[in-house]
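Visitor: Sharing my_file-v7.cif, mmCIF, C-alpha atoms and all ligand atoms:
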```
data_protein
loop_
_atom_site.label_atom_id
_atom_site.label_comp_id
_atom_site.auth_asym_id
_atom_site.auth_seq_id
_atom_site.Cartn_x
_atom_site.Cartn_y
_atom_site.Cartn_z
CA MET A 718 -116.63 181.98 14.43
CA THR A 719 -119.22 183.56 16.65
CA LEU A 720 -118.86 185.52 19.85
CA THR A 721 -119.77 183.86 23.13
CA ASP A 722 -122.26 185.39 25.58
CA SER A 723 -119.36 186.40 27.78
CA GLU A 724 -117.58 188.11 24.88
CA LEU A 725 -120.79 189.86 23.81
CA GLU A 726 -121.10 191.31 27.31
CA ARG A 727 -117.40 192.10 27.83
CA TYR A 728 -117.14 193.98 24.54
CA SER A 729 -120.72 195.34 24.48
CA ARG A 730 -119.72 199.02 24.73
CA GLN A 731 -117.39 198.78 21.74
CA LEU A 732 -119.69 196.45 19.77
CA VAL A 733 -122.40 199.11 19.94
CA LEU A 734 -120.15 201.62 18.16
CA PRO A 735 -121.32 202.26 14.59
CA GLU A 736 -117.66 202.00 13.50
CA TRP A 737 -117.20 198.61 15.21
CA SER A 738 -118.90 195.27 14.53
CA GLY A 739 -119.02 191.62 15.51
CA GLU A 740 -116.85 191.01 12.47
CA ALA A 741 -114.25 193.49 13.74
CA GLN A 742 -114.36 191.80 17.14
CA GLU A 743 -113.86 188.37 15.60
CA ARG A 744 -111.03 189.68 13.48
CA LEU A 745 -109.39 191.02 16.63
CA ARG A 746 -109.83 187.67 18.38
CA GLY A 747 -108.04 186.04 15.47
CA SER A 748 -105.16 188.54 15.63
CA SER A 749 -101.77 188.45 17.25
CA ALA A 750 -99.78 191.47 18.44
CA ILE A 751 -96.27 191.94 19.76
CA VAL A 752 -95.78 194.77 22.24
CA VAL A 753 -92.09 195.65 22.54
CA GLY A 754 -91.50 197.06 26.02
CA ALA A 755 -93.70 196.67 29.10
CA GLY A 756 -92.92 200.10 30.52
CA ALA A 757 -94.33 203.60 30.20
CA LEU A 758 -95.79 203.16 26.70
CA GLY A 759 -96.19 199.39 26.78
CA SER A 760 -98.35 199.48 29.92
CA PRO A 761 -101.22 201.50 28.40
CA ALA A 762 -100.75 200.02 24.92
CA ALA A 763 -100.88 196.38 26.08
CA THR A 764 -103.68 197.11 28.56
CA TYR A 765 -105.99 198.56 25.92
CA LEU A 766 -105.15 195.84 23.40
CA ALA A 767 -105.88 193.11 25.94
CA ALA A 768 -109.04 194.84 27.11
CA ALA A 769 -110.26 195.23 23.52
CA GLY A 770 -109.98 191.48 22.89
CA LEU A 771 -106.85 190.64 20.90
CA GLY A 772 -106.44 186.90 20.47
CA ARG A 773 -102.80 186.84 21.46
CA ILE A 774 -100.34 189.40 22.80
CA GLY A 775 -96.61 188.83 23.14
CA VAL A 776 -94.91 191.17 25.62
CA VAL A 777 -91.16 191.68 25.18
CA ASP A 778 -89.09 193.19 28.00
CA SER A 779 -85.82 192.16 29.61
CA ASP A 780 -86.00 194.47 32.64
CA ASP A 781 -87.16 193.97 36.21
CA VAL A 782 -89.69 196.24 37.92
CA GLU A 783 -88.00 199.07 39.88
CA LEU A 784 -89.42 201.59 42.32
CA SER A 785 -88.53 204.44 39.93
CA ASN A 786 -90.70 202.85 37.19
CA LEU A 787 -93.99 202.99 39.05
CA HIS A 788 -94.96 206.63 38.44
CA ARG A 789 -95.32 205.96 34.70
CA GLN A 790 -95.78 202.18 34.20
CA PRO A 791 -99.27 201.35 35.51
CA LEU A 792 -99.06 197.61 34.75
CA HIS A 793 -96.60 197.35 37.65
CA TYR A 794 -97.52 197.89 41.30
CA THR A 795 -95.38 198.39 44.40
CA PRO A 796 -95.48 194.71 45.48
CA ASP A 797 -94.18 193.79 41.99
CA ILE A 798 -90.76 195.42 42.51
CA GLY A 799 -88.04 192.95 41.52
CA LEU A 800 -90.30 190.85 39.26
CA ARG A 801 -89.62 190.43 35.56
CA LYS A 802 -91.61 193.10 33.71
CA ALA A 803 -92.65 190.78 30.86
CA GLU A 804 -93.91 188.11 33.27
CA ASN A 805 -95.62 190.61 35.54
CA ALA A 806 -97.30 192.32 32.60
CA ALA A 807 -98.59 188.94 31.44
CA VAL A 808 -100.08 188.22 34.88
CA LYS A 809 -101.87 191.59 34.92
CA LEU A 810 -103.13 191.35 31.34
CA ARG A 811 -104.47 187.81 31.88
CA ALA A 812 -106.28 189.00 35.00
CA LEU A 813 -107.79 191.87 33.03
CA ASN A 814 -108.94 189.63 30.19
CA PRO A 815 -108.59 185.83 30.48
CA GLU A 816 -109.88 185.50 26.90
CA VAL A 817 -106.50 186.78 25.66
CA GLU A 818 -103.45 184.55 25.35
CA VAL A 819 -100.49 186.50 26.69
CA ASP A 820 -96.95 185.29 26.05
CA PRO A 821 -94.09 186.96 27.95
CA TYR A 822 -90.69 187.30 26.27
CA PRO A 823 -88.24 188.23 29.06
CA ALA A 824 -85.61 189.14 26.47
CA ARG A 825 -84.03 192.22 24.98
CA LEU A 826 -85.18 192.64 21.39
CA GLY A 827 -82.26 193.33 19.06
CA SER A 828 -81.35 192.79 15.44
CA ASP A 829 -80.34 189.20 16.28
CA ASN A 830 -83.78 188.06 17.51
CA ALA A 831 -86.22 190.67 16.14
CA GLU A 832 -87.43 188.64 13.16
CA THR A 833 -87.93 185.52 15.27
CA ILE A 834 -90.08 187.44 17.76
CA VAL A 835 -92.05 189.37 15.13
CA THR A 836 -92.78 186.36 12.89
CA GLY A 837 -96.48 185.47 12.94
CA ALA A 838 -97.63 188.81 14.39
CA ASP A 839 -100.38 190.79 12.65
CA VAL A 840 -99.17 194.03 14.19
CA VAL A 841 -96.22 195.19 16.29
CA VAL A 842 -96.48 198.03 18.78
CA ASP A 843 -93.03 199.41 19.51
CA CYS A 844 -92.91 200.85 23.01
CA ALA A 845 -89.13 200.50 23.38
CA ASP A 846 -87.01 203.25 24.85
CA SER A 847 -83.86 202.81 22.75
CA PHE A 848 -83.04 203.74 19.19
CA GLU A 849 -81.20 200.47 18.67
CA THR A 850 -84.38 198.51 19.44
CA ARG A 851 -86.53 200.89 17.39
CA TYR A 852 -84.46 200.37 14.24
CA ALA A 853 -84.29 196.61 14.83
CA VAL A 854 -88.09 196.43 15.17
CA ASN A 855 -88.61 198.58 12.07
CA ASP A 856 -86.19 196.48 10.01
CA ALA A 857 -87.80 193.20 11.09
CA CYS A 858 -91.33 194.47 10.40
CA CYS A 859 -90.27 195.71 6.94
CA ALA A 860 -88.53 192.41 6.14
CA LEU A 861 -91.61 190.40 7.16
CA GLY A 862 -94.29 192.86 5.98
CA VAL A 863 -95.82 193.29 9.43
CA PRO A 864 -97.61 196.59 10.17
CA LEU A 865 -96.01 198.57 12.99
CA VAL A 866 -96.91 201.39 15.35
CA GLU A 867 -93.91 203.36 16.59
CA GLY A 868 -94.08 205.56 19.67
CA ALA A 869 -91.74 207.59 21.82
CA VAL A 870 -92.03 209.86 24.84
CA LEU A 871 -89.57 212.17 26.54
CA GLY A 872 -90.16 215.01 28.95
CA LEU A 873 -93.67 216.36 28.24
CA GLY A 874 -93.58 215.45 24.55
CA GLY A 875 -94.33 212.37 22.55
CA GLN A 876 -94.67 211.10 19.01
CA VAL A 877 -96.45 208.30 17.16
CA MET A 878 -96.40 206.98 13.61
CA ALA A 879 -98.06 203.96 11.98
CA ILE A 880 -96.28 202.00 9.26
CA VAL A 881 -97.55 199.58 6.63
CA PRO A 882 -94.36 198.18 5.06
CA GLY A 883 -94.23 198.48 1.30
CA GLN A 884 -97.07 201.00 1.27
CA THR A 885 -96.15 203.83 3.62
CA ALA A 886 -93.07 205.53 5.03
CA CYS A 887 -91.26 203.41 7.59
CA TYR A 888 -89.37 204.64 10.64
CA ARG A 889 -86.09 204.62 8.71
CA CYS A 890 -87.71 206.61 5.87
CA ALA A 891 -88.60 209.28 8.44
CA PHE A 892 -85.32 209.00 10.38
CA PRO A 893 -82.64 207.46 8.10
CA ALA A 894 -80.01 207.42 10.84
CA PRO A 895 -80.19 207.35 14.63
CA PRO A 896 -79.28 210.61 16.38
CA SER A 897 -75.90 210.79 18.06
CA PRO A 898 -76.21 209.41 21.59
CA GLU A 899 -75.12 212.70 23.20
CA SER A 900 -77.83 214.69 21.34
CA VAL A 901 -80.71 212.78 22.92
CA PRO A 902 -81.06 212.80 26.70
CA SER A 903 -82.28 209.60 28.30
CA CYS A 904 -85.50 209.27 30.24
CA ARG A 905 -83.34 209.24 33.38
CA GLU A 906 -81.77 212.59 32.42
CA ALA A 907 -84.70 214.44 30.84
CA GLY A 908 -87.49 212.95 32.94
CA VAL A 909 -90.94 211.90 31.83
CA LEU A 910 -94.43 212.36 33.21
CA GLY A 911 -96.57 209.22 33.41
CA ALA A 912 -99.73 210.85 32.10
CA VAL A 913 -97.95 211.96 28.90
CA ALA A 914 -96.72 208.40 28.32
CA GLY A 915 -100.31 207.26 28.93
CA ILE A 916 -101.55 209.48 26.10
CA VAL A 917 -98.90 208.25 23.66
CA GLY A 918 -99.31 204.55 24.55
CA SER A 919 -103.10 204.84 24.24
CA ILE A 920 -102.75 206.37 20.78
CA GLN A 921 -100.45 203.48 19.84
CA ALA A 922 -103.11 200.97 20.96
CA LEU A 923 -105.78 202.81 18.98
CA GLU A 924 -103.60 202.83 15.86
CA ALA A 925 -102.95 199.09 16.23
CA LEU A 926 -106.72 198.45 16.53
CA LYS A 927 -107.27 200.55 13.40
CA LEU A 928 -104.63 198.61 11.43
CA LEU A 929 -106.14 195.28 12.55
CA THR A 930 -109.81 196.06 11.95
CA GLY A 931 -109.78 198.67 9.18
CA LEU A 932 -111.42 201.21 11.49
CA GLY A 933 -110.93 204.87 10.59
CA THR A 934 -107.79 206.22 8.93
CA PRO A 935 -104.46 205.02 10.32
CA LEU A 936 -101.68 207.47 11.13
CA VAL A 937 -99.58 206.49 8.11
CA ASP A 938 -97.24 208.78 6.16
CA ARG A 939 -97.62 211.19 9.05
CA LEU A 940 -95.80 211.66 12.31
CA LEU A 941 -97.95 212.92 15.18
CA HIS A 942 -96.13 215.05 17.71
CA ILE A 943 -97.82 215.93 20.99
CA ASP A 944 -96.70 218.66 23.35
CA GLY A 945 -98.19 217.76 26.71
CA ALA A 946 -97.44 221.21 28.13
CA THR A 947 -99.61 223.08 25.60
CA MET A 948 -101.67 220.14 24.24
CA GLU A 949 -100.60 221.19 20.80
CA HIS A 950 -100.80 218.32 18.32
CA THR A 951 -98.71 218.60 15.17
CA LEU A 952 -98.88 216.28 12.15
CA ILE A 953 -95.70 216.13 10.11
CA ALA A 954 -95.85 214.52 6.65
CA THR A 955 -93.43 211.67 5.97
CA GLU A 956 -92.81 209.86 2.71
CA ARG A 957 -91.11 206.71 1.52
CA ARG A 958 -87.49 207.00 0.46
CA GLU A 959 -86.53 205.11 -2.67
CA ASP A 960 -83.16 204.33 -1.14
CA CYS A 961 -84.50 203.30 2.30
CA ALA A 962 -82.37 200.46 3.61
CA SER A 963 -85.37 198.96 5.43
CA CYS A 964 -88.35 199.19 3.10
CA SER A 965 -87.28 200.13 -0.43
CA ARG A 966 -87.32 196.49 -1.56
CA VAL A 967 -90.54 195.54 0.25
CA ALA A 968 -93.33 194.72 -2.18
CA ALA A 969 -96.65 196.46 -1.55
CA SER A 970 -98.35 193.05 -1.41
CA ALA A 971 -96.18 192.09 1.57
CA GLN A 972 -98.74 193.46 4.02
CA SER A 973 -99.89 190.60 6.21
CA GLY A 974 -102.96 192.21 7.71
ZN ZN B 1001 -88.38 202.95 4.75
#
```
Using structure tokens, write down the structure that the file contains.
Ligand SMILES: [Zn+2]

Guide:
Amino acid sequence: MTLTDSELERYSRQLVLPEWSGEAQERLRGSSAIVVGAGALGSPAATYLAAAGLGRIGVVDSDDVELSNLHRQPLHYTPDIGLRKAENAAVKLRALNPEVEVDPYPARLGSDNAETIVTGADVVVDCADSFETRYAVNDACCALGVPLVEGAVLGLGGQVMAIVPGQTACYRCAFPAPPSPESVPSCREAGVLGAVAGIVGSIQALEALKLLTGLGTPLVDRLLHIDGATMEHTLIATERREDCASCSRVAASAQSG
């Protein structure tokens, strides 16, 4: 596989990086990612993955674009109100980079369909806004050995962690049980600022690129917390739990990447 003239020009500013290479670019072109959620985190995450030259991106979202989404979901514009988010995201990502195959999944990811959607992916970027989806994604990625980047944003804060099933702490290792619904305010109640979601989603894209290409050191066995108000970044160590219901039986060799 060699890069075309068009690819060499499109990716020239990343190809020139000492940490990047034509080999990394080709590896990316041969890779497939699933982005769960085409909203506040999924917009920046999918945009940067498509721009960087992933071979295929699947975008999963069951919602329609609403006026109240637009301040934080930059894949969706005012004329897009009422369109399916997954379909609209696919249109935008294809326009950004026609070299990328983008497959919309206008469905809600749950424990019933998570493994079907995740199968064949080299990385999953979880940009969902519900704990139910987050655990379903984590469980499917652990069962199939697919590396995962988890992210969340609320108010002016956000957090990210990368997971290599069988090798590093998974989401359920870090958070064995979901919090009680009344203890966590929703985005509608607590609010969220678009720029903070942009930071978190961009970090998720970077972590996915690192997992796919071997660039740098991925954010594994650590949870990054960002306070957008103070710009304080905190790294919290996580470790695998022997009794983890998701990953304790995953063999280290299960990593697909
Ligand atoms: Zn685990």

Visitor: Counting only C-alpha atoms and all ligand atoms, what are the residues, protein, DNA or RNA alike, that approach ligand ZN 1001 (chain B) to within 10 Å? I want them as a PyMOL selection string.

Guide: chain A and resi 855-856+859+880-893+956-967

Visitor: Measure the distance from CA of Ala853 in chain A to CA of Arg939 in chain A in Å and round it to one decimal.

Guide: 20.6 Å

Visitor: Go ahead and compute the interatomic distance for CA of Ser897 in chain A and CA of Gln876 in chain A, in Å to one decimal.

Guide: 18.8 Å

Visitor: One number please: CA of Gln731 in chain A to CA of Ala767 in chain A, in Å, one decimal.

Guide: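 Those two atoms sit 13.5 Å apart.
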
Visitor: Measuring between only C-alpha atoms, which one of A:Gly759, A:Pro735, A:Gly747, A:Pro791 shows the shortest distance to Val866 in chain A?

Guide: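 Of the candidates, the smallest distance to Val866 in chain A is held by A:Gly759.
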
Visitor: Name the closest residue to Asp781 in chain A among the candidates A:Thr764, A:Val863, A:Leu725, A:Ala824; distances are taken between atoms, counting only C-alpha atoms.

Guide: A:Ala824

Visitor: If we count all atoms listed in the file and set the cut-off at 10 Å, which residues sit around Ala907 in chain A, ignoring sequence neighbours fewer than 5 positions away in its own chain? Please answer as JSON, numbers by chain.

Guide: {"A": [871, 872, 873, 901, 902]}

Visitor: List as a ChimeraX atom specification the protein and nucleic acid residues near Pro815 in chain A, meaning an atom at most 12 Å away when only C-alpha atoms are counted, but skip any in the same chain fewer than 3 places from it.

Guide: /A:723-724,727,767-774,807-812,818-819

Visitor: Within 10 Å of Pro761 in chain A, counting all atoms listed in the file, which residues qualify if same-chain residues fewer than 3 places away don't, as a VMD selection string?

Guide: chain A and resid 755 to 758 764 to 767 789 to 792 844 914 to 922

Visitor: Rank nothing, just name the residue among A:Pro864, A:Gly874, A:Pro935, A:Gly827 nearest to Arg851 in chain A, using only C-alpha atoms.

Guide: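 Smallest separation from Arg851 in chain A among the options: A:Gly827.
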
Visitor: Looking at A:Ala762, A:Val753, A:Ala869, A:Leu720, which one is nearest to Val777 in chain A, with distances taken over only C-alpha atoms?

Guide: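 Using only C-alpha atoms, the shortest distance to Val777 in chain A belongs to A:Val753.
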
Visitor: Can you work out which one of A:Ile943, A:Pro796, A:Gly908, A:Val840 has the shortest atom-to-atom distance to Leu923 in chain A, counting only C-alpha atoms?

Guide: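 Using only C-alpha atoms, the shortest distance to Leu923 in chain A belongs to A:Val840.
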
Visitor: Counting all atoms listed in the file, which residue out of A:Gly875, A:Pro895, A:Gly739, A:Gly862 sits closest to Gly911 in chain A?

Guide: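 Closest residue, counting all atoms listed in the file: A:Gly875.
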
Visitor: Which residues, written as a PDB file with C-alpha atoms, in the frame of the given file, have at least one atom at most 12 Å from Glu740 in chain A, with all atoms listed in the file counted and residues fewer than 5 positions away on the same chain left out?

Guide:
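Output file around33.pdb is given in full below:
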```
ATOM      1  CA  MET A 718    -116.630 181.980  14.430  1.00  0.00           C
ATOM      2  CA  THR A 719    -119.220 183.560  16.650  1.00  0.00           C
ATOM      3  CA  LEU A 720    -118.860 185.520  19.850  1.00  0.00           C
ATOM      4  CA  LEU A 732    -119.690 196.450  19.770  1.00  0.00           C
ATOM      5  CA  LEU A 745    -109.390 191.020  16.630  1.00  0.00           C
ATOM      6  CA  ARG A 746    -109.830 187.670  18.380  1.00  0.00           C
ATOM      7  CA  GLY A 747    -108.040 186.040  15.470  1.00  0.00           C
ATOM      8  CA  LEU A 929    -106.140 195.280  12.550  1.00  0.00           C
ATOM      9  CA  THR A 930    -109.810 196.060  11.950  1.00  0.00           C
ATOM     10  CA  GLY A 931    -109.780 198.670   9.180  1.00  0.00           C
ATOM     11  CA  LEU A 932    -111.420 201.210  11.490  1.00  0.00           C
TER      12      LEU A 932
END
```

Visitor: Will you model N, CA and C atoms for range 879-897 of chain A and pass it back as a PDB file, in the coordinates of the input?

Guide:
```
ATOM      1  N   ALA A 879     -97.675 205.314  12.389  1.00  0.00           N
ATOM      2  CA  ALA A 879     -98.060 203.960  11.980  1.00  0.00           C
ATOM      3  C   ALA A 879     -97.401 203.661  10.629  1.00  0.00           C
ATOM      4  N   ILE A 880     -97.050 202.402  10.438  1.00  0.00           N
ATOM      5  CA  ILE A 880     -96.280 202.000   9.260  1.00  0.00           C
ATOM      6  C   ILE A 880     -96.887 200.745   8.645  1.00  0.00           C
ATOM      7  N   VAL A 881     -97.165 200.791   7.359  1.00  0.00           N
ATOM      8  CA  VAL A 881     -97.550 199.580   6.630  1.00  0.00           C
ATOM      9  C   VAL A 881     -96.437 199.329   5.619  1.00  0.00           C
ATOM     10  N   PRO A 882     -95.548 198.379   5.906  1.00  0.00           N
ATOM     11  CA  PRO A 882     -94.360 198.180   5.060  1.00  0.00           C
ATOM     12  C   PRO A 882     -94.723 197.963   3.591  1.00  0.00           C
ATOM     13  N   GLY A 883     -93.991 198.619   2.729  1.00  0.00           N
ATOM     14  CA  GLY A 883     -94.230 198.480   1.300  1.00  0.00           C
ATOM     15  C   GLY A 883     -95.270 199.458   0.778  1.00  0.00           C
ATOM     16  N   GLN A 884     -96.032 200.058   1.707  1.00  0.00           N
ATOM     17  CA  GLN A 884     -97.070 201.000   1.270  1.00  0.00           C
ATOM     18  C   GLN A 884     -96.840 202.412   1.797  1.00  0.00           C
ATOM     19  N   THR A 885     -96.293 202.511   3.005  1.00  0.00           N
ATOM     20  CA  THR A 885     -96.150 203.830   3.620  1.00  0.00           C
ATOM     21  C   THR A 885     -94.726 203.997   4.163  1.00  0.00           C
ATOM     22  N   ALA A 886     -94.406 205.234   4.492  1.00  0.00           N
ATOM     23  CA  ALA A 886     -93.070 205.530   5.030  1.00  0.00           C
ATOM     24  C   ALA A 886     -92.823 204.722   6.292  1.00  0.00           C
ATOM     25  N   CYS A 887     -91.634 204.136   6.380  1.00  0.00           N
ATOM     26  CA  CYS A 887     -91.260 203.410   7.590  1.00  0.00           C
ATOM     27  C   CYS A 887     -90.478 204.337   8.518  1.00  0.00           C
ATOM     28  N   TYR A 888     -90.097 203.805   9.675  1.00  0.00           N
ATOM     29  CA  TYR A 888     -89.370 204.640  10.640  1.00  0.00           C
ATOM     30  C   TYR A 888     -88.047 205.122  10.057  1.00  0.00           C
ATOM     31  N   ARG A 889     -87.394 204.246   9.291  1.00  0.00           N
ATOM     32  CA  ARG A 889     -86.090 204.620   8.710  1.00  0.00           C
ATOM     33  C   ARG A 889     -86.261 205.605   7.560  1.00  0.00           C
ATOM     34  N   CYS A 890     -87.425 205.573   6.879  1.00  0.00           N
ATOM     35  CA  CYS A 890     -87.710 206.610   5.870  1.00  0.00           C
ATOM     36  C   CYS A 890     -87.778 207.975   6.556  1.00  0.00           C
ATOM     37  N   ALA A 891     -88.433 208.011   7.724  1.00  0.00           N
ATOM     38  CA  ALA A 891     -88.600 209.280   8.440  1.00  0.00           C
ATOM     39  C   ALA A 891     -87.303 209.701   9.126  1.00  0.00           C
ATOM     40  N   PHE A 892     -86.576 208.717   9.652  1.00  0.00           N
ATOM     41  CA  PHE A 892     -85.320 209.000  10.380  1.00  0.00           C
ATOM     42  C   PHE A 892     -84.251 208.033   9.872  1.00  0.00           C
ATOM     43  N   PRO A 893     -83.580 208.388   8.742  1.00  0.00           N
ATOM     44  CA  PRO A 893     -82.640 207.460   8.100  1.00  0.00           C
ATOM     45  C   PRO A 893     -81.521 206.984   9.006  1.00  0.00           C
ATOM     46  N   ALA A 894     -81.105 207.828   9.951  1.00  0.00           N
ATOM     47  CA  ALA A 894     -80.010 207.420  10.840  1.00  0.00           C
ATOM     48  C   ALA A 894     -80.370 207.800  12.274  1.00  0.00           C
ATOM     49  N   PRO A 895     -79.924 206.993  13.225  1.00  0.00           N
ATOM     50  CA  PRO A 895     -80.190 207.350  14.630  1.00  0.00           C
ATOM     51  C   PRO A 895     -79.443 208.625  15.000  1.00  0.00           C
ATOM     52  N   PRO A 896     -79.995 209.412  15.927  1.00  0.00           N
ATOM     53  CA  PRO A 896     -79.280 210.610  16.380  1.00  0.00           C
ATOM     54  C   PRO A 896     -78.039 210.211  17.165  1.00  0.00           C
ATOM     55  N   SER A 897     -77.083 211.105  17.258  1.00  0.00           N
ATOM     56  CA  SER A 897     -75.900 210.790  18.060  1.00  0.00           C
ATOM     57  C   SER A 897     -76.334 210.659  19.522  1.00  0.00           C
TER      58      SER A 897
END
```
